[in-house]
Amino acid sequence: MIYLSLIFSGLFLGNILLNSLLGLPLFDSKTNSLKGPTQTGVFSLIISLLSAVVLYPVYHYVLKPIGIDFLYMIISVVVVSYVSLGVRFIAKQGGIEGVSDKHALLIPANAFIIGLSILVLNNTSYIEALVQVLGLALGYFLVLLMIYAIKPRLDLGAPKSFKGLPILLITLALIAMAFMGLAGIL
């Protein structure tokens, strides 16, 4: 039951994009393809899970016992970068079309992935950390798809000063409030 609670919390209540604006995507409103947000979401999901698989044991069983846990951020950036390169290499070797260098360069630098690596530290067990990362990554993917669906309609009726990023941030705030309304379910 706790695992379902962690996934639900990551999807809606603790959504890292809505609560912290980590990894805020800024899409072109001219884009008509669902391919970009889907690729970004799937690659972020895979990279965040694989990074969490590596980072939790490194922190709890190597860095913390030795007393050099202050190096965690540097190590997490290095691990995320190498995991991202590995996923990109496997995707290109597997013949997945559309794997661009843009995604390979943006995802490791994405604040979402680095923010998840910090959240991994707060869990008491390895499985709970992985389930929480899964829930948060799915929540990020959900909001990416929602932004893709909403973005072309945002600028239609907005005043000139609200077009673009301001109306997107207001819309994200309204979505975050709607998701917070689900807090009573848990």
# chains A, B, ... in the order shown; residues from 1 in each chain; ligands from 1

$ residues_around --residues "Leu136 in chain A" --least-positions-apart "4" --cutoff "7 Å" --atoms "only C-alpha atoms" --output "PyMOL selection string"
chain A and resi 10-11+15-16+132+140

$ write_last_selection --atoms "all heavy atoms" --output "JSON list (two decimals), in the first residue's frame"
[["chain", "number", "residue", "atom", "x", "y", "z"],
["A", 10, "GLY", "N", 3.76, 11.03, -6.05],
["A", 10, "GLY", "CA", 4.67, 11.55, -7.07],
["A", 10, "GLY", "C", 3.94, 12.03, -8.31],
["A", 10, "GLY", "O", 4.34, 13.01, -8.93],
["A", 11, "LEU", "N", 2.88, 11.33, -8.67],
["A", 11, "LEU", "CA", 2.12, 11.72, -9.85],
["A", 11, "LEU", "C", 1.39, 13.05, -9.65],
["A", 11, "LEU", "O", 1.41, 13.91, -10.54],
["A", 11, "LEU", "CB", 1.07, 10.65, -10.18],
["A", 11, "LEU", "CG", 1.46, 9.58, -11.17],
["A", 11, "LEU", "CD1", 0.43, 8.48, -11.19],
["A", 11, "LEU", "CD2", 1.66, 10.15, -12.54],
["A", 15, "ASN", "N", 4.29, 16.48, -7.35],
["A", 15, "ASN", "CA", 4.78, 16.60, -8.73],
["A", 15, "ASN", "C", 5.90, 17.62, -8.77],
["A", 15, "ASN", "O", 5.71, 18.79, -8.45],
["A", 15, "ASN", "CB", 3.63, 17.01, -9.64],
["A", 15, "ASN", "CG", 3.99, 16.84, -11.09],
["A", 15, "ASN", "OD1", 4.97, 17.38, -11.56],
["A", 15, "ASN", "ND2", 3.17, 16.09, -11.80],
["A", 16, "ILE", "N", 7.06, 17.16, -9.16],
["A", 16, "ILE", "CA", 8.27, 17.97, -9.07],
["A", 16, "ILE", "C", 8.25, 19.15, -10.04],
["A", 16, "ILE", "O", 8.82, 20.19, -9.78],
["A", 16, "ILE", "CB", 9.51, 17.07, -9.26],
["A", 16, "ILE", "CG1", 10.74, 17.72, -8.69],
["A", 16, "ILE", "CG2", 9.71, 16.71, -10.70],
["A", 16, "ILE", "CD1", 11.87, 16.75, -8.47],
["A", 132, "GLN", "N", 9.46, 5.94, -5.44],
["A", 132, "GLN", "CA", 9.23, 7.39, -5.42],
["A", 132, "GLN", "C", 9.76, 8.04, -6.70],
["A", 132, "GLN", "O", 9.11, 8.91, -7.28],
["A", 132, "GLN", "CB", 9.89, 8.02, -4.21],
["A", 132, "GLN", "CG", 9.61, 9.51, -4.13],
["A", 132, "GLN", "CD", 10.29, 10.18, -2.95],
["A", 132, "GLN", "OE1", 11.24, 9.65, -2.39],
["A", 132, "GLN", "NE2", 9.82, 11.36, -2.61],
["A", 140, "TYR", "N", 6.13, 13.83, -13.96],
["A", 140, "TYR", "CA", 6.79, 14.77, -14.88],
["A", 140, "TYR", "C", 6.33, 14.51, -16.31],
["A", 140, "TYR", "O", 6.01, 15.44, -17.06],
["A", 140, "TYR", "CB", 8.30, 14.60, -14.76],
["A", 140, "TYR", "CG", 9.11, 15.49, -15.66],
["A", 140, "TYR", "CD1", 9.26, 16.84, -15.37],
["A", 140, "TYR", "CD2", 9.73, 14.99, -16.79],
["A", 140, "TYR", "CE1", 9.99, 17.66, -16.19],
["A", 140, "TYR", "CE2", 10.46, 15.80, -17.62],
["A", 140, "TYR", "CZ", 10.61, 17.14, -17.31],
["A", 140, "TYR", "OH", 11.33, 17.95, -18.13]]

$ residues_around --residues "range 54-67 of chain A" --least-positions-apart "2" --cutoff "8 Å" --atoms "only C-alpha atoms" --output "list of chain:residue names"
A:Leu50, A:Ser51, A:Ala52, A:Asp69, A:Leu71, A:Tyr72, A:Ser76, A:Val79, A:Ser117, A:Val120, A:Leu121, A:Tyr126, A:Ala129

$ select_by_dssp --residues "range 9-185 of chain A" --states "alpha helix (DSSP H)" --output "PyMOL selection string"
chain A and resi 16-20+35-58+64-66+72-93+101-109+111-119+126-154+165-180

$ closest_atom_pairs --of "range 30-143 of chain A" --to "range 167-186 of chain A" --cutoff "12 Å" --atoms "only C-alpha atoms" --output "CSV"
residue,atom,partner,partner_atom,distance
A:Gly139,CA,A:Phe179,CA,10.8
A:Leu142,CA,A:Ile175,CA,11.6
A:Val143,CA,A:Leu172,CA,8.9

$ write_last_selection --atoms "N, CA, C and O atoms" --output "short mmCIF file (atom, residue, chain, number, x, y, z; two decimals), in the first residue's frame"
data_model
loop_
_atom_site.label_atom_id
_atom_site.label_comp_id
_atom_site.auth_asym_id
_atom_site.auth_seq_id
_atom_site.Cartn_x
_atom_site.Cartn_y
_atom_site.Cartn_z
N GLY A 139 4.90 11.49 -13.05
CA GLY A 139 4.23 12.78 -12.89
C GLY A 139 4.82 13.84 -13.80
O GLY A 139 4.09 14.66 -14.38
N LEU A 142 3.51 13.11 -17.24
CA LEU A 142 2.11 13.51 -17.33
C LEU A 142 1.98 15.02 -17.57
O LEU A 142 1.23 15.46 -18.44
N VAL A 143 2.74 15.81 -16.82
CA VAL A 143 2.66 17.26 -16.99
C VAL A 143 3.25 17.69 -18.33
O VAL A 143 2.75 18.63 -18.95
#

$ residues_around --residues "Ile7 in chain A" --least-positions-apart "2" --cutoff "7 Å" --atoms "only C-alpha atoms" --output "MDAnalysis selection string"
chainID A and resid 3:5 9:11 131:132 134:135
